[in-house]
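Source file: target-v6.tsv. Holds: TSV, C-alpha atoms.
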chain	number	residue	atom	x	y	z
A	5	ASP	CA	38.47	0.87	10.65
A	6	THR	CA	41.29	2.15	12.82
A	7	GLU	CA	44.37	1.28	10.85
A	8	VAL	CA	46.69	2.68	8.27
A	9	THR	CA	47.61	0.26	5.50
A	10	GLN	CA	50.65	0.42	3.27
A	11	THR	CA	51.51	-1.50	0.12
A	12	PRO	CA	53.71	-3.12	-0.83
A	13	LYS	CA	55.32	-4.50	2.34
A	14	HIS	CA	58.62	-4.99	0.54
A	15	LEU	CA	59.99	-3.49	-2.67
A	16	VAL	CA	63.21	-4.09	-4.54
A	17	MET	CA	63.95	-1.74	-7.41
A	18	GLY	CA	66.77	-0.79	-9.70
A	19	MET	CA	68.04	2.76	-10.01
A	20	THR	CA	66.24	3.25	-13.33
A	21	ASN	CA	62.87	1.93	-12.22
A	22	LYS	CA	59.72	3.87	-11.46
A	23	LYS	CA	57.59	2.57	-8.62
A	24	SER	CA	54.95	3.86	-6.21
A	25	LEU	CA	54.25	3.32	-2.54
A	26	LYS	CA	50.64	3.48	-1.42
A	27	CYS	CA	49.06	4.40	1.89
A	28	GLU	CA	45.40	4.29	2.84
A	29	GLN	CA	43.33	5.18	5.89
A	30	HIS	CA	39.60	5.22	6.49
A	31	MET	CA	39.52	7.02	9.81
A	32	GLY	CA	38.47	10.34	8.30
A	33	HIS	CA	41.87	11.83	9.10
A	34	ARG	CA	42.71	15.00	7.21
A	35	ALA	CA	46.47	14.99	7.70
A	36	MET	CA	48.79	12.37	6.21
A	37	TYR	CA	52.55	12.01	6.42
A	38	TRP	CA	55.49	10.23	4.83
A	39	TYR	CA	58.53	9.38	6.93
A	40	LYS	CA	61.82	7.73	6.01
A	41	GLN	CA	63.59	5.56	8.56
A	42	LYS	CA	67.08	4.12	8.23
A	43	ALA	CA	68.18	1.19	10.36
A	44	LYS	CA	68.63	2.05	14.05
A	45	LYS	CA	67.62	5.66	13.43
A	46	PRO	CA	64.43	7.58	14.23
A	47	PRO	CA	61.85	8.32	11.54
A	48	GLU	CA	62.55	11.50	9.55
A	49	LEU	CA	59.66	13.55	8.25
A	50	MET	CA	59.54	13.86	4.47
A	51	PHE	CA	56.13	15.27	3.51
A	52	VAL	CA	52.95	16.44	5.20
A	53	TYR	CA	49.56	16.74	3.53
A	54	SER	CA	46.79	18.62	5.26
A	55	TYR	CA	43.32	18.60	3.71
A	56	GLU	CA	44.87	17.06	0.59
A	57	LYS	CA	47.29	19.94	0.11
A	58	LEU	CA	51.03	19.61	0.51
A	59	SER	CA	51.96	21.52	3.65
A	60	ILE	CA	55.55	20.52	4.21
A	61	ASN	CA	58.32	19.24	2.00
A	62	GLU	CA	61.36	18.70	4.18
A	63	SER	CA	63.89	19.41	1.41
A	64	VAL	CA	63.33	15.96	-0.06
A	65	PRO	CA	65.02	15.26	-3.44
A	66	SER	CA	62.73	15.46	-6.47
A	67	ARG	CA	63.20	11.76	-7.16
A	68	PHE	CA	60.54	11.37	-4.43
A	69	SER	CA	57.18	12.75	-5.55
A	70	PRO	CA	54.17	12.65	-3.21
A	71	GLU	CA	50.56	12.64	-4.31
A	72	CYS	CA	47.31	12.83	-2.37
A	73	PRO	CA	44.50	11.80	-4.75
A	74	ASN	CA	41.84	12.05	-2.03
A	75	SER	CA	41.50	12.33	1.71
A	76	SER	CA	42.02	8.57	2.24
A	77	LEU	CA	44.96	7.93	-0.04
A	78	LEU	CA	48.57	9.00	-0.10
A	79	ASN	CA	51.10	7.89	-2.69
A	80	LEU	CA	54.84	8.27	-2.92
A	81	HIS	CA	56.17	8.01	-6.47
A	82	LEU	CA	59.77	6.90	-6.80
A	83	HIS	CA	62.01	7.48	-9.80
A	84	ALA	CA	65.76	7.16	-10.35
A	85	LEU	CA	66.46	6.34	-6.73
A	86	GLN	CA	69.92	5.80	-5.30
A	87	PRO	CA	71.09	2.88	-3.13
A	88	GLU	CA	71.23	5.24	-0.13
A	89	ASP	CA	67.46	5.68	-0.46
A	90	SER	CA	67.03	2.12	0.80
A	91	ALA	CA	65.05	2.41	4.03
A	92	LEU	CA	61.73	1.76	5.74
A	93	TYR	CA	59.12	4.22	4.45
A	94	LEU	CA	56.38	4.90	6.95
A	95	CYS	CA	53.03	6.51	6.35
A	96	ALA	CA	51.00	8.07	9.16
A	97	SER	CA	47.73	9.91	9.51
A	98	SER	CA	46.15	12.12	12.14
A	99	GLN	CA	42.80	13.81	12.65
A	100	GLU	CA	44.52	17.10	11.86
A	101	ARG	CA	48.07	18.36	12.00
A	102	GLY	CA	49.23	18.46	15.59
A	103	LYS	CA	47.08	15.53	16.71
A	104	THR	CA	48.24	12.01	17.53
A	105	GLN	CA	49.60	10.22	14.50
A	106	TYR	CA	48.77	6.62	13.62
A	107	PHE	CA	51.37	4.74	11.64
A	108	GLY	CA	51.17	2.05	9.00
A	109	PRO	CA	53.50	-0.97	9.07
A	110	GLY	CA	55.82	0.55	6.50
A	111	THR	CA	57.28	-0.43	3.15
A	112	ARG	CA	60.82	-1.78	3.26
A	113	LEU	CA	62.56	-0.49	0.15
A	114	LEU	CA	65.81	-1.80	-1.28
A	115	VAL	CA	67.41	0.06	-4.19
A	116	LEU	CA	69.99	-1.91	-6.12
B	1	SER	CA	65.36	16.85	11.43
B	2	GLN	CA	65.71	15.27	14.84
B	3	GLN	CA	64.53	17.27	17.84
B	4	GLY	CA	65.12	15.17	20.91
B	5	GLU	CA	67.94	13.25	22.42
B	6	GLU	CA	67.20	10.10	24.34
B	7	ASP	CA	69.17	8.20	26.87
B	8	PRO	CA	70.15	5.60	27.34
B	9	GLN	CA	70.60	4.52	23.72
B	10	ALA	CA	70.20	0.92	24.83
B	11	LEU	CA	68.86	-0.63	28.02
B	12	SER	CA	68.85	-4.28	29.03
B	13	ILE	CA	66.91	-5.46	32.08
B	14	GLN	CA	65.39	-8.60	33.58
B	15	GLU	CA	61.68	-9.32	33.38
B	16	GLY	CA	59.88	-7.76	36.33
B	17	GLU	CA	62.28	-4.84	36.68
B	18	ASN	CA	61.34	-1.26	35.89
B	19	ALA	CA	62.72	0.53	32.83
B	20	THR	CA	63.27	4.28	32.68
B	21	MET	CA	64.02	6.15	29.48
B	22	ASN	CA	64.74	9.86	29.22
B	23	CYS	CA	64.20	12.36	26.45
B	24	SER	CA	65.51	15.92	26.16
B	25	TYR	CA	64.50	18.47	23.56
B	26	LYS	CA	65.54	21.93	22.47
B	27	THR	CA	62.56	24.09	21.51
B	28	SER	CA	59.27	24.91	23.22
B	29	ILE	CA	56.59	22.31	22.56
B	30	ASN	CA	52.82	21.90	22.43
B	31	ASN	CA	52.99	18.29	23.55
B	32	LEU	CA	55.34	15.32	23.77
B	33	GLN	CA	54.47	11.80	22.76
B	34	TRP	CA	56.06	8.41	23.27
B	35	TYR	CA	55.96	5.73	20.61
B	36	ARG	CA	57.07	2.13	20.55
B	37	GLN	CA	58.47	0.27	17.54
B	38	ASN	CA	59.02	-3.44	17.26
B	39	SER	CA	61.90	-4.39	15.03
B	40	GLY	CA	61.42	-3.03	11.51
B	41	ARG	CA	57.72	-2.36	11.90
B	42	GLY	CA	55.40	0.62	12.27
B	43	LEU	CA	55.25	2.82	15.33
B	44	VAL	CA	52.57	2.41	17.97
B	45	HIS	CA	51.42	5.43	19.93
B	46	LEU	CA	51.77	4.94	23.69
B	47	ILE	CA	50.97	8.18	25.44
B	48	LEU	CA	50.71	11.94	24.89
B	49	ILE	CA	51.48	14.54	27.53
B	50	ARG	CA	50.61	18.19	26.97
B	51	SER	CA	52.97	21.01	27.80
B	52	ASN	CA	50.81	22.06	30.77
B	53	GLU	CA	50.83	18.57	32.28
B	54	ARG	CA	53.56	17.22	34.54
B	55	GLU	CA	52.71	13.54	34.82
B	56	LYS	CA	50.50	11.03	33.10
B	57	HIS	CA	49.78	7.33	33.61
B	58	SER	CA	48.53	4.63	31.29
B	59	GLY	CA	48.54	1.07	32.62
B	60	ARG	CA	52.18	0.19	33.38
B	61	LEU	CA	53.42	3.40	31.77
B	62	ARG	CA	54.23	6.60	33.60
B	63	VAL	CA	55.38	9.69	31.75
B	64	THR	CA	56.71	12.88	33.29
B	65	LEU	CA	57.38	16.20	31.62
B	66	ASP	CA	59.57	19.03	32.92
B	67	THR	CA	59.27	21.94	30.52
B	68	SER	CA	61.75	24.03	32.52
B	69	LYS	CA	64.42	21.40	31.86
B	70	LYS	CA	63.01	20.49	28.46
B	71	SER	CA	62.97	16.84	29.39
B	72	SER	CA	60.61	13.90	29.73
B	73	SER	CA	60.88	10.40	31.09
B	74	LEU	CA	59.03	7.17	30.34
B	75	LEU	CA	58.82	4.58	33.09
B	76	ILE	CA	57.66	1.05	32.32
B	77	THR	CA	56.91	-0.85	35.51
B	78	ALA	CA	57.04	-4.63	35.98
B	79	SER	CA	58.55	-5.12	32.53
B	80	ARG	CA	57.78	-8.15	30.38
B	81	ALA	CA	59.73	-9.81	27.58
B	82	ALA	CA	57.05	-8.51	25.20
B	83	ASP	CA	58.10	-4.94	26.08
B	84	THR	CA	61.32	-5.50	24.12
B	85	ALA	CA	61.26	-2.80	21.43
B	86	SER	CA	62.62	0.63	20.53
B	87	TYR	CA	60.99	3.57	22.28
B	88	PHE	CA	60.94	7.06	20.76
B	89	CYS	CA	59.87	10.38	22.14
B	90	ALA	CA	58.41	12.83	19.66
B	91	THR	CA	57.89	16.53	20.21
B	92	ASP	CA	55.24	18.68	18.58
B	93	SER	CA	56.31	22.30	18.43
B	94	ASN	CA	54.82	23.53	15.16
B	95	ASN	CA	52.05	21.01	14.51
B	96	ASP	CA	54.54	18.45	13.24
B	97	MET	CA	56.44	15.78	15.07
B	98	ARG	CA	60.15	15.41	15.42
B	99	PHE	CA	61.48	12.17	16.84
B	100	GLY	CA	64.28	11.60	19.30
B	101	ALA	CA	67.04	9.11	18.64
B	102	GLY	CA	65.26	6.34	20.56
B	103	THR	CA	66.11	3.85	23.28
B	104	ARG	CA	66.44	0.18	22.44
B	105	LEU	CA	64.96	-1.77	25.36
B	106	THR	CA	65.67	-5.47	25.83
B	107	VAL	CA	63.78	-7.33	28.55
B	108	LYS	CA	65.26	-10.73	29.29
B	109	PRO	CA	62.89	-13.49	30.42

Let me see the file written as structure tokens.
Amino acid sequence: DTEVTQTPKHLVMGMTNKKSLKCEQHMGHRAMYWYKQKAKKPPELMFVYSYEKLSINESVPSRFSPECPNSSLLNLHLHALQPEDSALYLCASSQERGKTQYFGPGTRLLVL
Amino acid sequence: SQQGEEDPQALSIQEGENATMNCSYKTSINNLQWYRQNSGRGLVHLILIRSNEREKHSGRLRVTLDTSKKSSSLLITASRAADTASYFCATDSNNDMRFGAGTRLTVKP
């Protein structure tokens, strides 16, 4: 299995909702990443997990809460989001930090 | 935060022509990678060039790296309509990637 999967593909939520994005890989990778990408912009790094421990939090607001339950799974919990949080959220994994990253197809999020 | 700057921002060519995209960055790097993204989808890794390498080839792709100028270029030869996508360089300087602004390539059939 050489792919990164993300669910859901699309998500529409209100500003008071709580939702979660899920990411899964079965390549034995020990580093996993969340990126946020606005239209016509490059991906921006949000969080990095290495060996299931949070390594980097790029000053992301607390309304985004990452979780790494095991080495194959990465979640992003969303609560009280703002309309400006609407974006494509990409998950990636790599063998270790610093190695080539493999991306999932993304979750397109719309906050109303 | 964004590390690299890419130019051009947009490039439109005819099928069969070559496409060259450039990337400049600011800090010292371990390696530089190029990714491709079709509209609104995930990124696909194309090629990685290490800081001690100057040129690398993969099929119709040729990447160069000039660490003295802190710049890289991606050449796609004999372009096809299916090459239409956004292309991003990404630099690894501290074990994490930072993406450039990207070049939007359109190949007309």

>> Please report the interatomic distance between atom CA of B:Ser72 and atom CA of B:Ala19 in Å with one decimal.
In response: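 Computing the Euclidean distance for atom CA of B:Ser72 and atom CA of B:Ala19 yields 13.9 Å.
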
> Please, what distance in Å, to one decimal, runs between atom CA of A:Ser66 and atom CA of A:Leu25?
Replying inline: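 So the answer is 15.3 Å.
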
Proximity of chain A to chain B: per-residue shortest pair, 10 Å limit, all atoms listed in the file, as JSON lines:
{"residue": "A:Val8", "atom": "CA", "partner": "B:Gly42", "partner_atom": "CA", "distance": 9.8}
{"residue": "A:Tyr37", "atom": "CA", "partner": "B:Asp96", "partner_atom": "CA", "distance": 9.6}
{"residue": "A:Gln41", "atom": "CA", "partner": "B:Gly40", "partner_atom": "CA", "distance": 9.3}
{"residue": "A:Lys42", "atom": "CA", "partner": "B:Gly40", "partner_atom": "CA", "distance": 9.7}
{"residue": "A:Ala43", "atom": "CA", "partner": "B:Gly40", "partner_atom": "CA", "distance": 8.1}
{"residue": "A:Lys44", "atom": "CA", "partner": "B:Gly102", "partner_atom": "CA", "distance": 8.5}
{"residue": "A:Lys45", "atom": "CA", "partner": "B:Ala101", "partner_atom": "CA", "distance": 6.3}
{"residue": "A:Pro46", "atom": "CA", "partner": "B:Ala101", "partner_atom": "CA", "distance": 5.3}
{"residue": "A:Pro47", "atom": "CA", "partner": "B:Phe99", "partner_atom": "CA", "distance": 6.6}
{"residue": "A:Glu48", "atom": "CA", "partner": "B:Ser1", "partner_atom": "CA", "distance": 6.3}
{"residue": "A:Leu49", "atom": "CA", "partner": "B:Ser1", "partner_atom": "CA", "distance": 7.3}
{"residue": "A:Met50", "atom": "CA", "partner": "B:Ser1", "partner_atom": "CA", "distance": 9.6}
{"residue": "A:Val52", "atom": "CA", "partner": "B:Asp96", "partner_atom": "CA", "distance": 8.4}
{"residue": "A:Ile60", "atom": "CA", "partner": "B:Asp96", "partner_atom": "CA", "distance": 9.3}
{"residue": "A:Glu62", "atom": "CA", "partner": "B:Ser1", "partner_atom": "CA", "distance": 8.5}
{"residue": "A:Ala91", "atom": "CA", "partner": "B:Gly40", "partner_atom": "CA", "distance": 9.9}
{"residue": "A:Leu92", "atom": "CA", "partner": "B:Gly40", "partner_atom": "CA", "distance": 7.5}
{"residue": "A:Tyr93", "atom": "CA", "partner": "B:Gly42", "partner_atom": "CA", "distance": 9.4}
{"residue": "A:Leu94", "atom": "CA", "partner": "B:Gly42", "partner_atom": "CA", "distance": 6.9}
{"residue": "A:Cys95", "atom": "CA", "partner": "B:Gly42", "partner_atom": "CA", "distance": 8.7}
{"residue": "A:Ala96", "atom": "CA", "partner": "B:Leu43", "partner_atom": "CA", "distance": 9.1}
{"residue": "A:Glu100", "atom": "CA", "partner": "B:Asn95", "partner_atom": "CA", "distance": 8.9}
{"residue": "A:Arg101", "atom": "CA", "partner": "B:Asn95", "partner_atom": "CA", "distance": 5.4}
{"residue": "A:Gly102", "atom": "CA", "partner": "B:Asn95", "partner_atom": "CA", "distance": 4.0}
{"residue": "A:Lys103", "atom": "CA", "partner": "B:Asn95", "partner_atom": "CA", "distance": 7.7}
{"residue": "A:Thr104", "atom": "CA", "partner": "B:His45", "partner_atom": "CA", "distance": 7.7}
{"residue": "A:Gln105", "atom": "CA", "partner": "B:His45", "partner_atom": "CA", "distance": 7.5}
{"residue": "A:Tyr106", "atom": "CA", "partner": "B:His45", "partner_atom": "CA", "distance": 6.9}
{"residue": "A:Phe107", "atom": "CA", "partner": "B:Leu43", "partner_atom": "CA", "distance": 5.7}
{"residue": "A:Gly108", "atom": "CA", "partner": "B:Gly42", "partner_atom": "CA", "distance": 5.5}
{"residue": "A:Pro109", "atom": "CA", "partner": "B:Gly42", "partner_atom": "CA", "distance": 4.0}
{"residue": "A:Gly110", "atom": "CA", "partner": "B:Gly42", "partner_atom": "CA", "distance": 5.8}
{"residue": "A:Thr111", "atom": "CA", "partner": "B:Arg41", "partner_atom": "CA", "distance": 9.0}
{"residue": "A:Arg112", "atom": "CA", "partner": "B:Gly40", "partner_atom": "CA", "distance": 8.4}

> Expressed in Å to a single decimal, how great is the separation between atom CA of B:Asp66 and atom CA of B:Arg54?
Replying inline: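 Computing it gives 6.5 Å between the two atoms.
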
>> List as number ranges by chain the protein and nucleic acid residues near B:Ser73, meaning an atom at most 10 Å away when only C-alpha atoms are counted, but skip any in the same chain fewer than 2 places from it.
In response: B: 6-7, 20-24, 34, 55, 62-66, 71, 75-76, 89

>> Could you list, as an MDAnalysis selection string, every residue within 10 Å of B:Arg80, counting all atoms listed in the file and ignoring same-chain residues fewer than 4 positions away?
In response: chainID B and resid 13:18 76 84 106:109

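Residues in contact with A:Leu113 at 9 Å, where all atoms listed in the file are counted and same-chain residues fewer than 3 positions away are skipped, are listed as A:Lys13, A:His14, A:Leu15, A:Val16, A:Met17, A:Asp89, A:Ser90, A:Ala91, A:Leu92, A:Tyr93.
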
Would you mind putting all heavy atoms back on stretch 97-108 of chain A and writing the result as a PDB file, in the coordinates of the input?
ATOM      1  N   SER A  97      48.834   8.977   9.666  1.00  0.00           N
ATOM      2  CA  SER A  97      47.730   9.910   9.510  1.00  0.00           C
ATOM      3  C   SER A  97      47.310  10.408  10.883  1.00  0.00           C
ATOM      4  O   SER A  97      47.571   9.763  11.905  1.00  0.00           O
ATOM      5  CB  SER A  97      46.546   9.260   8.788  1.00  0.00           C
ATOM      6  OG  SER A  97      45.895   8.321   9.627  1.00  0.00           O
ATOM      7  N   SER A  98      46.680  11.580  10.894  1.00  0.00           N
ATOM      8  CA  SER A  98      46.150  12.120  12.140  1.00  0.00           C
ATOM      9  C   SER A  98      44.885  12.911  11.814  1.00  0.00           C
ATOM     10  O   SER A  98      44.681  13.337  10.669  1.00  0.00           O
ATOM     11  CB  SER A  98      47.171  13.006  12.852  1.00  0.00           C
ATOM     12  OG  SER A  98      47.500  14.142  12.074  1.00  0.00           O
ATOM     13  N   GLN A  99      44.069  13.098  12.826  1.00  0.00           N
ATOM     14  CA  GLN A  99      42.800  13.810  12.650  1.00  0.00           C
ATOM     15  C   GLN A  99      43.053  15.166  11.949  1.00  0.00           C
ATOM     16  O   GLN A  99      42.381  15.531  11.001  1.00  0.00           O
ATOM     17  CB  GLN A  99      42.187  14.042  14.013  1.00  0.00           C
ATOM     18  CG  GLN A  99      40.682  14.165  14.024  1.00  0.00           C
ATOM     19  CD  GLN A  99      40.149  14.088  15.439  1.00  0.00           C
ATOM     20  OE1 GLN A  99      40.833  14.467  16.395  1.00  0.00           O
ATOM     21  NE2 GLN A  99      38.944  13.602  15.595  1.00  0.00           N
ATOM     22  N   GLU A 100      44.023  15.871  12.470  1.00  0.00           N
ATOM     23  CA  GLU A 100      44.520  17.100  11.860  1.00  0.00           C
ATOM     24  C   GLU A 100      45.991  17.203  12.230  1.00  0.00           C
ATOM     25  O   GLU A 100      46.480  16.473  13.080  1.00  0.00           O
ATOM     26  CB  GLU A 100      43.759  18.315  12.416  1.00  0.00           C
ATOM     27  CG  GLU A 100      42.332  18.390  11.966  1.00  0.00           C
ATOM     28  CD  GLU A 100      41.640  19.653  12.456  1.00  0.00           C
ATOM     29  OE1 GLU A 100      42.109  20.252  13.435  1.00  0.00           O
ATOM     30  OE2 GLU A 100      40.639  20.037  11.845  1.00  0.00           O
ATOM     31  N   ARG A 101      46.679  18.146  11.604  1.00  0.00           N
ATOM     32  CA  ARG A 101      48.070  18.360  12.000  1.00  0.00           C
ATOM     33  C   ARG A 101      48.104  18.729  13.472  1.00  0.00           C
ATOM     34  O   ARG A 101      47.253  19.456  13.967  1.00  0.00           O
ATOM     35  CB  ARG A 101      48.674  19.493  11.170  1.00  0.00           C
ATOM     36  CG  ARG A 101      49.098  19.054   9.788  1.00  0.00           C
ATOM     37  CD  ARG A 101      49.688  20.205   9.020  1.00  0.00           C
ATOM     38  NE  ARG A 101      50.962  20.641   9.587  1.00  0.00           N
ATOM     39  CZ  ARG A 101      51.606  21.729   9.196  1.00  0.00           C
ATOM     40  NH1 ARG A 101      51.092  22.503   8.261  1.00  0.00           N
ATOM     41  NH2 ARG A 101      52.753  22.056   9.744  1.00  0.00           N
ATOM     42  N   GLY A 102      49.084  18.177  14.170  1.00  0.00           N
ATOM     43  CA  GLY A 102      49.230  18.460  15.590  1.00  0.00           C
ATOM     44  C   GLY A 102      48.541  17.454  16.487  1.00  0.00           C
ATOM     45  O   GLY A 102      48.733  17.479  17.699  1.00  0.00           O
ATOM     46  N   LYS A 103      47.743  16.576  15.924  1.00  0.00           N
ATOM     47  CA  LYS A 103      47.080  15.530  16.710  1.00  0.00           C
ATOM     48  C   LYS A 103      47.907  14.242  16.660  1.00  0.00           C
ATOM     49  O   LYS A 103      48.828  14.103  15.860  1.00  0.00           O
ATOM     50  CB  LYS A 103      45.667  15.253  16.164  1.00  0.00           C
ATOM     51  CG  LYS A 103      44.783  16.471  16.115  1.00  0.00           C
ATOM     52  CD  LYS A 103      44.418  16.967  17.485  1.00  0.00           C
ATOM     53  CE  LYS A 103      43.394  18.088  17.397  1.00  0.00           C
ATOM     54  NZ  LYS A 103      43.155  18.708  18.713  1.00  0.00           N
ATOM     55  N   THR A 104      47.522  13.286  17.488  1.00  0.00           N
ATOM     56  CA  THR A 104      48.240  12.010  17.530  1.00  0.00           C
ATOM     57  C   THR A 104      48.267  11.354  16.162  1.00  0.00           C
ATOM     58  O   THR A 104      47.248  11.282  15.481  1.00  0.00           O
ATOM     59  CB  THR A 104      47.567  11.066  18.539  1.00  0.00           C
ATOM     60  OG1 THR A 104      47.670  11.644  19.838  1.00  0.00           O
ATOM     61  CG2 THR A 104      48.227   9.694  18.546  1.00  0.00           C
ATOM     62  N   GLN A 105      49.436  10.872  15.791  1.00  0.00           N
ATOM     63  CA  GLN A 105      49.600  10.220  14.500  1.00  0.00           C
ATOM     64  C   GLN A 105      49.527   8.709  14.647  1.00  0.00           C
ATOM     65  O   GLN A 105      50.040   8.138  15.609  1.00  0.00           O
ATOM     66  CB  GLN A 105      50.946  10.616  13.880  1.00  0.00           C
ATOM     67  CG  GLN A 105      50.998  12.080  13.493  1.00  0.00           C
ATOM     68  CD  GLN A 105      52.280  12.478  12.825  1.00  0.00           C
ATOM     69  OE1 GLN A 105      52.979  11.639  12.238  1.00  0.00           O
ATOM     70  NE2 GLN A 105      52.617  13.753  12.884  1.00  0.00           N
ATOM     71  N   TYR A 106      48.909   8.078  13.666  1.00  0.00           N
ATOM     72  CA  TYR A 106      48.770   6.620  13.620  1.00  0.00           C
ATOM     73  C   TYR A 106      49.550   6.132  12.415  1.00  0.00           C
ATOM     74  O   TYR A 106      49.354   6.634  11.303  1.00  0.00           O
ATOM     75  CB  TYR A 106      47.294   6.224  13.540  1.00  0.00           C
ATOM     76  CG  TYR A 106      46.544   6.641  14.773  1.00  0.00           C
ATOM     77  CD1 TYR A 106      45.978   7.902  14.865  1.00  0.00           C
ATOM     78  CD2 TYR A 106      46.434   5.779  15.871  1.00  0.00           C
ATOM     79  CE1 TYR A 106      45.316   8.303  16.015  1.00  0.00           C
ATOM     80  CE2 TYR A 106      45.768   6.173  17.015  1.00  0.00           C
ATOM     81  CZ  TYR A 106      45.218   7.446  17.083  1.00  0.00           C
ATOM     82  OH  TYR A 106      44.579   7.853  18.228  1.00  0.00           O
ATOM     83  N   PHE A 107      50.425   5.168  12.663  1.00  0.00           N
ATOM     84  CA  PHE A 107      51.370   4.740  11.640  1.00  0.00           C
ATOM     85  C   PHE A 107      50.940   3.434  10.980  1.00  0.00           C
ATOM     86  O   PHE A 107      50.367   2.549  11.621  1.00  0.00           O
ATOM     87  CB  PHE A 107      52.748   4.529  12.253  1.00  0.00           C
ATOM     88  CG  PHE A 107      53.485   5.811  12.510  1.00  0.00           C
ATOM     89  CD1 PHE A 107      53.194   6.592  13.609  1.00  0.00           C
ATOM     90  CD2 PHE A 107      54.458   6.249  11.624  1.00  0.00           C
ATOM     91  CE1 PHE A 107      53.857   7.795  13.829  1.00  0.00           C
ATOM     92  CE2 PHE A 107      55.137   7.435  11.839  1.00  0.00           C
ATOM     93  CZ  PHE A 107      54.836   8.215  12.940  1.00  0.00           C
ATOM     94  N   GLY A 108      51.278   3.319   9.694  1.00  0.00           N
ATOM     95  CA  GLY A 108      51.170   2.050   9.000  1.00  0.00           C
ATOM     96  C   GLY A 108      52.387   1.199   9.293  1.00  0.00           C
ATOM     97  O   GLY A 108      53.336   1.646   9.942  1.00  0.00           O
TER      98      GLY A 108
END
